[in-house]
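Q: What follows is query-v4.cif, mmCIF, C-alpha atoms and all ligand atoms.
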```
data_model
loop_
_atom_site.label_atom_id
_atom_site.label_comp_id
_atom_site.auth_asym_id
_atom_site.auth_seq_id
_atom_site.Cartn_x
_atom_site.Cartn_y
_atom_site.Cartn_z
CA MET N 25 6.97 -56.97 36.15
CA GLU N 26 7.81 -60.53 35.19
CA THR N 27 6.41 -63.31 33.02
CA ALA N 28 4.54 -65.74 35.23
CA THR N 29 2.33 -68.80 34.81
CA PRO N 30 0.57 -69.34 38.15
CA PHE N 31 -2.71 -70.32 36.41
CA VAL N 32 -4.01 -71.31 32.99
CA PRO N 33 -5.57 -68.07 31.70
CA THR N 34 -8.95 -67.82 29.99
CA PRO N 35 -10.33 -64.67 28.29
CA ASP N 36 -11.88 -63.79 31.68
CA ASP N 37 -8.36 -63.39 33.12
CA ALA N 38 -7.46 -60.16 31.37
CA VAL N 39 -7.06 -58.76 34.90
CA ARG N 40 -6.61 -61.05 37.89
CA TRP N 41 -5.49 -60.54 41.49
CA GLN N 42 -3.84 -63.59 42.99
CA ASP N 43 -1.21 -64.25 45.67
CA ASP N 44 -0.94 -60.53 46.50
CA ARG N 45 0.01 -59.59 42.95
CA LEU N 46 -1.74 -58.24 39.88
CA TYR N 47 -1.67 -60.50 36.82
CA LEU N 48 -2.43 -59.21 33.34
CA LEU N 49 -2.96 -61.42 30.31
CA ASP N 50 -0.60 -59.91 27.74
CA GLN N 51 -2.95 -58.86 24.91
CA ARG N 52 -0.05 -57.73 22.74
CA VAL N 53 0.95 -61.31 21.99
CA LEU N 54 -2.46 -62.99 21.65
CA PRO N 55 -3.43 -65.26 19.98
CA ALA N 56 0.05 -66.50 19.09
CA ARG N 57 1.06 -66.79 22.75
CA ILE N 58 -0.95 -66.94 25.95
CA GLU N 59 1.25 -65.17 28.47
CA VAL N 60 0.56 -63.64 31.84
CA LEU N 61 2.64 -60.84 33.35
CA ALA N 62 2.85 -60.17 37.10
CA TYR N 63 2.84 -56.66 38.59
CA ASP N 64 3.89 -55.45 42.04
CA ASP N 65 3.99 -51.68 41.50
CA ALA N 66 1.76 -49.00 40.07
CA ALA N 67 4.32 -47.45 37.71
CA ALA N 68 4.59 -50.78 35.89
CA VAL N 69 0.77 -51.04 35.74
CA ALA N 70 0.62 -47.55 34.19
CA GLU N 71 3.19 -48.69 31.62
CA ALA N 72 1.13 -51.83 30.93
CA ILE N 73 -1.95 -49.70 30.23
CA ARG N 74 0.03 -47.38 27.93
CA ASP N 75 1.59 -50.32 26.06
CA MET N 76 -1.76 -52.15 25.80
CA VAL N 77 -0.80 -55.25 27.75
CA VAL N 78 -4.28 -54.55 29.13
CA ARG N 79 -6.75 -52.59 26.98
CA GLY N 80 -10.47 -51.97 26.63
CA ALA N 81 -12.12 -49.27 28.70
CA PRO N 82 -13.52 -51.28 31.65
CA ALA N 83 -10.41 -53.50 31.93
CA ILE N 84 -8.23 -50.39 32.03
CA GLY N 85 -10.38 -49.07 34.90
CA VAL N 86 -10.14 -52.34 36.82
CA ALA N 87 -6.37 -52.56 36.29
CA ALA N 88 -5.97 -48.96 37.44
CA ALA N 89 -7.97 -49.67 40.63
CA TYR N 90 -5.59 -52.53 41.46
CA GLY N 91 -2.73 -50.22 40.50
CA VAL N 92 -3.88 -47.77 43.17
CA ALA N 93 -3.92 -50.60 45.73
CA LEU N 94 -0.34 -51.45 44.77
CA ALA N 95 0.55 -47.76 45.01
CA GLY N 96 -0.88 -47.64 48.53
CA ARG N 97 1.19 -50.63 49.58
CA THR N 98 4.36 -49.08 48.16
CA ALA N 99 3.61 -45.64 49.62
CA PHE N 100 3.03 -47.01 53.13
CA ALA N 101 6.20 -49.13 52.96
CA ALA N 102 8.20 -46.07 51.92
CA ALA N 103 6.61 -43.25 53.90
CA GLY N 104 4.55 -44.81 56.72
CA VAL N 105 2.02 -42.33 58.11
CA ASP N 106 2.83 -39.89 55.29
CA TRP N 107 1.59 -42.36 52.67
CA LYS N 108 -1.06 -39.98 51.29
CA GLN N 109 1.63 -37.63 49.99
CA ALA N 110 3.76 -40.52 48.78
CA ILE N 111 0.95 -42.06 46.70
CA GLU N 112 0.34 -38.96 44.56
CA GLY N 113 3.04 -39.62 41.97
CA ASP N 114 1.62 -43.07 41.21
CA LEU N 115 -1.95 -41.76 40.96
CA GLU N 116 -0.76 -39.23 38.40
CA ARG N 117 1.24 -41.86 36.51
CA LEU N 118 -1.85 -44.08 36.28
CA ALA N 119 -4.05 -41.17 35.16
CA GLY N 120 -1.51 -40.23 32.47
CA SER N 121 -1.41 -43.67 30.89
CA ARG N 122 -4.16 -43.27 28.23
CA PRO N 123 -6.51 -40.34 27.56
CA THR N 124 -9.78 -41.51 25.99
CA ALA N 125 -11.38 -44.30 28.04
CA VAL N 126 -13.08 -42.51 30.91
CA ASN N 127 -13.23 -45.68 33.04
CA LEU N 128 -9.58 -45.01 33.92
CA PHE N 129 -10.39 -41.63 35.46
CA TRP N 130 -13.62 -42.95 36.98
CA ALA N 131 -11.71 -45.73 38.77
CA ILE N 132 -8.99 -43.40 40.03
CA ARG N 133 -11.62 -40.91 41.25
CA ARG N 134 -13.37 -43.72 43.10
CA MET N 135 -10.12 -44.85 44.72
CA ARG N 136 -9.29 -41.24 45.61
CA ALA N 137 -12.68 -40.88 47.31
CA LEU N 138 -11.80 -43.86 49.49
CA ILE N 139 -8.31 -42.49 50.20
CA ALA N 140 -9.92 -39.27 51.46
CA THR N 141 -11.74 -41.27 54.15
CA LEU N 142 -8.68 -43.22 55.37
CA ASP N 143 -6.39 -42.29 58.26
CA ALA N 144 -2.60 -42.62 58.46
CA ALA N 145 -2.68 -46.41 59.04
CA ASP N 146 -1.68 -48.94 56.38
CA PRO N 147 -4.25 -48.42 53.56
CA PHE N 148 -3.51 -51.57 51.56
CA ALA N 149 -6.35 -53.81 52.76
CA ALA N 150 -8.99 -51.10 52.26
CA LEU N 151 -7.66 -50.13 48.81
CA LEU N 152 -7.49 -53.74 47.70
CA ALA N 153 -11.06 -54.39 48.88
CA GLU N 154 -12.24 -51.39 46.84
CA ALA N 155 -10.35 -52.60 43.76
CA HIS N 156 -12.00 -56.01 44.15
CA ALA N 157 -15.36 -54.25 44.38
CA VAL N 158 -14.65 -52.30 41.16
CA HIS N 159 -13.78 -55.60 39.48
CA GLU N 160 -16.80 -57.53 40.77
CA GLU N 161 -19.21 -54.71 39.96
CA ASP N 162 -17.91 -54.58 36.39
CA ARG N 163 -18.43 -58.32 35.97
CA ALA N 164 -21.98 -58.07 37.33
CA ALA N 165 -22.71 -55.02 35.14
CA ASN N 166 -21.65 -56.94 32.06
CA ARG N 167 -24.00 -59.83 32.86
CA ARG N 168 -26.89 -57.38 33.16
CA ILE N 169 -25.86 -55.54 29.98
CA GLY N 170 -25.80 -58.91 28.23
CA GLU N 171 -29.37 -59.69 29.30
CA LEU N 172 -30.72 -56.26 28.41
CA GLY N 173 -28.93 -56.09 25.07
CA ALA N 174 -29.93 -59.61 24.06
CA ALA N 175 -33.56 -58.75 24.79
CA LEU N 176 -33.41 -56.04 22.10
CA ILE N 177 -32.51 -58.63 19.48
CA THR N 178 -35.91 -60.01 18.66
CA ALA N 179 -35.10 -62.62 16.00
CA PRO N 180 -32.11 -64.76 15.01
CA THR N 181 -29.73 -62.63 12.98
CA GLU N 182 -26.16 -61.91 11.99
CA ILE N 183 -24.22 -59.31 13.96
CA ILE N 184 -21.22 -57.14 13.14
CA THR N 185 -18.87 -56.13 15.94
CA HIS N 186 -15.80 -53.91 15.84
CA CYS N 187 -12.65 -53.97 17.99
CA ASN N 188 -12.82 -56.18 21.09
CA ALA N 189 -15.43 -55.40 23.71
CA GLY N 190 -15.27 -58.83 25.27
CA ALA N 191 -14.07 -60.47 28.45
CA LEU N 192 -10.58 -59.38 27.47
CA ALA N 193 -11.64 -55.72 27.48
CA THR N 194 -13.51 -55.79 30.79
CA GLY N 195 -13.55 -57.31 34.26
CA GLY N 196 -15.05 -60.40 32.60
CA TYR N 197 -17.81 -61.57 30.19
CA GLY N 198 -17.69 -58.43 28.05
CA THR N 199 -20.01 -55.61 27.03
CA ALA N 200 -20.71 -55.96 23.30
CA LEU N 201 -19.56 -59.58 23.46
CA GLY N 202 -21.61 -59.98 26.65
CA VAL N 203 -24.66 -59.11 24.53
CA VAL N 204 -23.44 -61.55 21.88
CA ARG N 205 -22.93 -64.28 24.52
CA ALA N 206 -26.39 -63.80 26.02
CA ALA N 207 -28.07 -63.56 22.61
CA HIS N 208 -26.21 -66.65 21.41
CA ALA N 209 -27.36 -68.59 24.47
CA ALA N 210 -30.91 -67.56 23.57
CA GLY N 211 -30.50 -68.87 20.00
CA LYS N 212 -30.52 -65.42 18.42
CA VAL N 213 -27.02 -65.25 16.90
CA GLU N 214 -26.59 -66.86 13.50
CA ARG N 215 -23.08 -65.50 13.06
CA VAL N 216 -20.82 -62.74 14.32
CA TYR N 217 -18.69 -60.83 11.83
CA ALA N 218 -15.61 -59.45 13.58
CA ASP N 219 -14.02 -56.51 11.82
CA GLU N 220 -10.28 -57.04 11.96
CA THR N 221 -9.88 -53.48 13.38
CA ARG N 222 -6.82 -51.94 11.81
CA PRO N 223 -4.23 -51.09 12.85
CA TRP N 224 -3.93 -52.92 16.18
CA MET N 225 -6.10 -55.86 15.05
CA GLN N 226 -8.20 -56.22 18.19
CA GLY N 227 -10.94 -57.91 16.13
CA ALA N 228 -8.67 -60.43 14.45
CA ARG N 229 -6.39 -61.17 17.36
CA LEU N 230 -8.79 -60.89 20.30
CA THR N 231 -12.48 -61.02 19.32
CA ALA N 232 -12.07 -63.96 16.96
CA TRP N 233 -9.99 -65.80 19.60
CA GLU N 234 -12.44 -65.07 22.37
CA LEU N 235 -15.57 -66.11 20.44
CA MET N 236 -13.93 -69.26 19.12
CA GLN N 237 -13.19 -70.31 22.73
CA ASP N 238 -16.96 -70.19 23.34
CA ASP N 239 -17.92 -71.90 20.06
CA ILE N 240 -19.83 -68.84 18.92
CA PRO N 241 -19.77 -68.75 15.10
CA VAL N 242 -17.44 -65.94 14.08
CA THR N 243 -16.15 -64.83 10.71
CA LEU N 244 -13.35 -62.34 10.40
CA GLN N 245 -13.63 -59.61 7.78
CA ALA N 246 -11.52 -56.68 6.68
CA ASP N 247 -12.89 -53.43 8.09
CA CYS N 248 -13.70 -52.25 4.58
CA ALA N 249 -15.84 -55.38 3.91
CA ALA N 250 -18.62 -54.29 6.28
CA ALA N 251 -20.62 -52.21 3.78
CA SER N 252 -20.90 -54.94 1.17
CA LEU N 253 -21.92 -57.43 3.88
CA MET N 254 -24.62 -55.05 5.09
CA ALA N 255 -25.94 -54.76 1.54
CA GLN N 256 -26.59 -58.52 1.50
CA GLY N 257 -29.41 -58.03 4.01
CA ARG N 258 -28.63 -60.64 6.67
CA VAL N 259 -27.14 -58.39 9.36
CA GLY N 260 -29.71 -57.14 11.86
CA TRP N 261 -27.46 -55.40 14.36
CA VAL N 262 -24.07 -53.77 14.80
CA VAL N 263 -23.08 -54.21 18.46
CA VAL N 264 -20.05 -52.34 19.83
CA GLY N 265 -18.61 -51.19 23.15
CA ALA N 266 -17.56 -47.67 24.11
CA ASP N 267 -14.64 -45.82 25.63
CA ARG N 268 -16.57 -42.70 26.62
CA ILE N 269 -20.19 -41.64 26.21
CA THR N 270 -21.03 -37.98 26.73
CA ALA N 271 -24.08 -36.34 28.27
CA ASN N 272 -25.87 -36.11 24.92
CA GLY N 273 -25.26 -39.77 24.01
CA ASP N 274 -22.32 -39.30 21.62
CA VAL N 275 -20.05 -42.35 21.72
CA ALA N 276 -16.27 -42.55 21.47
CA ASN N 277 -15.14 -46.02 20.46
CA LYS N 278 -12.43 -47.67 18.38
CA ILE N 279 -11.57 -45.90 15.13
CA GLY N 280 -13.92 -47.11 12.42
CA THR N 281 -16.99 -47.30 14.64
CA TYR N 282 -18.38 -44.01 13.28
CA GLY N 283 -18.13 -45.28 9.71
CA LEU N 284 -19.96 -48.48 10.69
CA ALA N 285 -22.76 -46.44 12.26
CA VAL N 286 -23.16 -44.34 9.10
CA MET N 287 -23.29 -47.48 6.98
CA ALA N 288 -25.71 -49.21 9.35
CA ARG N 289 -28.14 -46.28 9.15
CA HIS N 290 -27.91 -46.33 5.33
CA HIS N 291 -28.81 -50.02 5.27
CA GLY N 292 -31.55 -49.88 7.92
CA ILE N 293 -29.42 -51.94 10.35
CA ARG N 294 -29.74 -51.18 14.05
CA PHE N 295 -26.74 -49.90 16.03
CA MET N 296 -26.28 -50.89 19.68
CA VAL N 297 -23.65 -49.55 22.10
CA ALA N 298 -23.09 -51.74 25.17
CA ALA N 299 -21.23 -50.12 28.06
CA PRO N 300 -21.35 -49.84 31.85
CA THR N 301 -22.30 -46.50 33.40
CA SER N 302 -18.63 -46.11 34.41
CA THR N 303 -18.10 -45.32 30.69
CA ILE N 304 -20.57 -42.42 30.77
CA ASP N 305 -19.02 -38.98 31.28
CA MET N 306 -21.83 -36.60 32.19
CA GLY N 307 -19.19 -33.89 32.65
CA LEU N 308 -18.77 -33.53 28.88
CA ALA N 309 -21.68 -32.11 26.90
CA THR N 310 -20.80 -33.63 23.50
CA GLY N 311 -18.33 -35.96 21.88
CA ALA N 312 -16.40 -33.00 20.45
CA GLU N 313 -14.91 -32.55 23.93
CA ILE N 314 -13.52 -36.09 24.20
CA PRO N 315 -9.71 -36.27 24.00
CA ILE N 316 -8.92 -38.67 21.15
CA GLU N 317 -5.73 -40.65 21.60
CA GLU N 318 -3.21 -40.53 18.75
CA ARG N 319 -0.79 -43.42 18.89
CA ASP N 320 2.55 -44.02 17.23
CA PRO N 321 2.18 -44.09 13.41
CA ALA N 322 4.47 -47.13 13.52
CA GLU N 323 1.34 -49.14 14.48
CA LEU N 324 -0.07 -48.26 11.05
CA LEU N 325 3.08 -48.41 8.97
CA GLY N 326 3.88 -51.98 9.88
CA CYS N 327 2.05 -55.20 10.64
CA GLY N 328 3.49 -58.16 12.54
CA GLY N 329 6.91 -56.52 12.44
CA ASN N 330 6.86 -56.10 8.63
CA PRO N 331 6.55 -52.73 6.87
CA VAL N 332 3.31 -52.24 4.94
CA ALA N 333 4.07 -48.73 3.67
CA PRO N 334 7.09 -47.00 2.14
CA ALA N 335 9.75 -45.93 4.63
CA GLY N 336 9.23 -42.30 5.62
CA CYS N 337 5.54 -42.25 4.61
CA ALA N 338 3.49 -39.75 6.66
CA ALA N 339 0.73 -41.44 8.65
CA ARG N 340 -1.96 -40.46 11.14
CA ASN N 341 -3.11 -42.87 13.81
CA PRO N 342 -6.12 -41.58 15.77
CA VAL N 343 -7.29 -44.71 17.59
CA PHE N 344 -10.84 -43.64 18.46
CA ASP N 345 -13.64 -41.76 16.74
CA VAL N 346 -16.95 -40.30 17.87
CA THR N 347 -20.30 -41.62 16.68
CA PRO N 348 -22.99 -38.95 17.00
CA ALA N 349 -25.95 -39.89 19.22
CA ALA N 350 -28.27 -39.48 16.23
CA LEU N 351 -26.79 -42.65 14.68
CA VAL N 352 -27.19 -44.74 17.86
CA ASP N 353 -30.36 -46.82 18.26
CA ALA N 354 -29.64 -48.04 21.79
CA ILE N 355 -27.14 -47.51 24.60
CA VAL N 356 -27.32 -50.54 26.88
CA THR N 357 -26.02 -50.16 30.43
CA GLU N 358 -26.43 -52.13 33.65
CA ARG N 359 -28.93 -49.49 34.81
CA GLY N 360 -31.11 -49.81 31.75
CA VAL N 361 -31.43 -49.10 28.04
CA VAL N 362 -31.49 -45.64 26.46
CA LEU N 363 -33.20 -45.78 23.08
CA GLU N 364 -32.29 -43.04 20.57
CA PRO N 365 -30.21 -41.16 23.16
CA THR N 366 -30.84 -37.48 23.92
CA PRO N 367 -29.47 -35.34 26.78
CA GLU N 368 -32.79 -35.75 28.64
CA ARG N 369 -32.75 -39.54 28.30
CA MET N 370 -29.11 -39.73 29.39
CA ARG N 371 -29.90 -37.58 32.43
CA ALA N 372 -32.84 -39.82 33.29
CA LEU N 373 -30.54 -42.86 33.17
CA MET N 374 -27.80 -41.30 35.28
CA GLY N 375 -30.09 -39.64 37.82
O1 LIG N 401 -7.47 -49.22 22.13
P1 LIG N 401 -8.31 -50.22 22.87
O2 LIG N 401 -8.10 -51.63 22.43
O3 LIG N 401 -8.19 -50.05 24.36
O4 LIG N 401 -9.79 -49.82 22.48
C1 LIG N 401 -10.85 -50.56 23.00
C2 LIG N 401 -12.15 -50.21 22.41
O5 LIG N 401 -12.28 -49.28 21.64
C3 LIG N 401 -13.31 -51.01 22.87
O6 LIG N 401 -14.25 -51.15 21.85
C4 LIG N 401 -13.96 -50.26 24.04
O7 LIG N 401 -13.01 -49.97 25.03
C5 LIG N 401 -15.03 -51.03 24.66
S1 LIG N 401 -14.35 -52.33 25.63
C6 LIG N 401 -15.58 -53.08 26.50
#
```
I'd like the structure from this file rewritten - as structure tokens, please.
Ligand code: MRU

A:
Amino acid sequence: METATPFVPTPDDAVRWQDDRLYLLDQRVLPARIEVLAYDDAAAVAEAIRDMVVRGAPAIGVAAAYGVALAGRTAFAAAGVDWKQAIEGDLERLAGSRPTAVNLFWAIRRMRALIATLDAADPFAALLAEAHAVHEEDRAANRRIGELGAALITAPTEIITHCNAGALATGGYGTALGVVRAAHAAGKVERVYADETRPWMQGARLTAWELMQDDIPVTLQADCAAASLMAQGRVGWVVVGADRITANGDVANKIGTYGLAVMARHHGIRFMVAAPTSTIDMGLATGAEIPIEERDPAELLGCGGNPVAPAGCAARNPVFDVTPAALVDAIVTERGVVLEPTPERMRALMG
């Protein structure tokens, strides 16, 4: 992996394949620096996912698909006709990078399905074509999600979003921010409130940056400011993305989402989850089965390199929570909208 500047990145360049290499926009340093890192091997891509150079469920899936293509190239160079055995270590490394966003496992499963059909010849071109397809399909899904989600917003209103479910978190355009983009184009967004999203600050560092690039009115607020804003009566919708949605419509998303959903219900504000079907895990019955990632407490104990708690303080850092389906008004996917999700409605969507 190396720092590289072969193009001027936009938020749509969270993941980009160019000149036979994978480029990731380094989300750890935004918005202070706009830096792109280049990747030529799958182990480094797995590390980039773990370290959150690339983050957000769909973007992780797209990066992993390209990672598998890189793994295929390396495996064939090293082992020739025995490449299928040689690729296994990298597939496991990619799958072990983060536990909660199911798009990672979905993408690897899809690449594995292709691998099963290939012979002993060089697999790189076929794997790369599939990774491009994963990427393109995610972009197209987000456009459709944007249209369908925006249609649910019937009058101009203010919107709260949490974390970053934008172009940076996907193959492009965004899920929750795709809805915001489409609704804004239709004149239905008076203002977006971006929760800062402690402790990693996806809302402050990424969502605010991304929306400002598009001249969409955005105001940053502390996570704990959402309830008092809701009480003022101007917010019509909370719109968020998802990392995994289970067969009953429970939604795992960035820590703090569950609290927002509880508060939205209390204030009569509608709660929309925007996600592609690659985020839906019909293999899990309820959100209680979703593995919730716990990250290093250091992310919580410091901010910008400075301590914000006493040295030695105990801290817990679960980075996702589960919002029960009963608090969700709409799940918006590229295949359609599920209102007030139930197992039957989720099954009808997924076929
Ligand atoms: O830890 P992160 O930044 O990868 O978490 C991302 C989120 O929780 C997003 O809201 C979710 O993946 C939806 S992204 C379209």

Q: Which polymer residues have any atom within 6 Å of an atom of region 66-71 of chain N, counting all atoms listed in the file, with same-chain residues fewer than 5 positions away left out, as a list in words?

A: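 Listed by chain and then number, they are Gly91, Leu94, Ala95, Leu118 and Ser121 of chain N.
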
Q: Might you pull out every residue within 8 Å of Val203 (chain N), with all atoms listed in the file counted and same-chain residues fewer than 5 positions away left off, and present them as a list in words?

A: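 Surrounding residues, per the criterion: Ile169, Gly170, Glu171, Leu172, Gly173, Ala174, Gly198, Val263 and Ala298 of chain N.
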
Q: Around all the atoms of region 66-78 of chain N listed in the file, draw an axis-aligned box and extend it by 8 Å on each of the six sides; I want its centre and edge lengths in Å to one decimal, as JSON.

A:
```
{"center_x": 0.2, "center_y": -51.3, "center_z": 32.9, "size_x": 24.9, "size_y": 23.9, "size_z": 30.3}
```

Q: Quick one: pull the distance between CA of Trp224 (chain N) and CA of Glu323 (chain N), Å, one decimal.

A: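 Taking CA of Trp224 (chain N) and CA of Glu323 (chain N), their separation equals 6.7 Å.
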
Q: Around ligand LIG 401 (chain N), which protein and nucleic acid residues have at least one atom no more than 7 Å from it, if we count all atoms listed in the file? List them as a PDB file with C-alpha atoms, in the frame of the given file.

A:
```pdb
ATOM      1  CA  MET N  76      -1.760 -52.150  25.800  1.00  0.00           C
ATOM      2  CA  ARG N  79      -6.750 -52.590  26.980  1.00  0.00           C
ATOM      3  CA  GLY N  80     -10.470 -51.970  26.630  1.00  0.00           C
ATOM      4  CA  ALA N  81     -12.120 -49.270  28.700  1.00  0.00           C
ATOM      5  CA  PRO N  82     -13.520 -51.280  31.650  1.00  0.00           C
ATOM      6  CA  ALA N 125     -11.380 -44.300  28.040  1.00  0.00           C
ATOM      7  CA  HIS N 186     -15.800 -53.910  15.840  1.00  0.00           C
ATOM      8  CA  CYS N 187     -12.650 -53.970  17.990  1.00  0.00           C
ATOM      9  CA  ASN N 188     -12.820 -56.180  21.090  1.00  0.00           C
ATOM     10  CA  ALA N 189     -15.430 -55.400  23.710  1.00  0.00           C
ATOM     11  CA  GLY N 190     -15.270 -58.830  25.270  1.00  0.00           C
ATOM     12  CA  ALA N 193     -11.640 -55.720  27.480  1.00  0.00           C
ATOM     13  CA  THR N 194     -13.510 -55.790  30.790  1.00  0.00           C
ATOM     14  CA  GLY N 198     -17.690 -58.430  28.050  1.00  0.00           C
ATOM     15  CA  THR N 199     -20.010 -55.610  27.030  1.00  0.00           C
ATOM     16  CA  ALA N 200     -20.710 -55.960  23.300  1.00  0.00           C
ATOM     17  CA  GLN N 226      -8.200 -56.220  18.190  1.00  0.00           C
ATOM     18  CA  VAL N 264     -20.050 -52.340  19.830  1.00  0.00           C
ATOM     19  CA  GLY N 265     -18.610 -51.190  23.150  1.00  0.00           C
ATOM     20  CA  ALA N 266     -17.560 -47.670  24.110  1.00  0.00           C
ATOM     21  CA  ASP N 267     -14.640 -45.820  25.630  1.00  0.00           C
ATOM     22  CA  ASN N 277     -15.140 -46.020  20.460  1.00  0.00           C
ATOM     23  CA  LYS N 278     -12.430 -47.670  18.380  1.00  0.00           C
ATOM     24  CA  ALA N 299     -21.230 -50.120  28.060  1.00  0.00           C
ATOM     25  CA  VAL N 343      -7.290 -44.710  17.590  1.00  0.00           C
ATOM     26  CA  PHE N 344     -10.840 -43.640  18.460  1.00  0.00           C
TER      27      PHE N 344
END
```

Q: CA of Phe31 (chain N) and CA of Val60 (chain N), how far apart in Å?

A: 8.7 Å

Q: Name the residues within 8 Å of (-13.2, -55.3, 9.1), counting only C-alpha atoms in the file's coordinates, and put them as a list in words.

A: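 Within the cut-off we find His186, Ala218, Asp219, Glu220, Thr221, Arg222, Gly227, Leu244, Gln245, Ala246, Asp247, Cys248, Ala249 and Ala250 of chain N.
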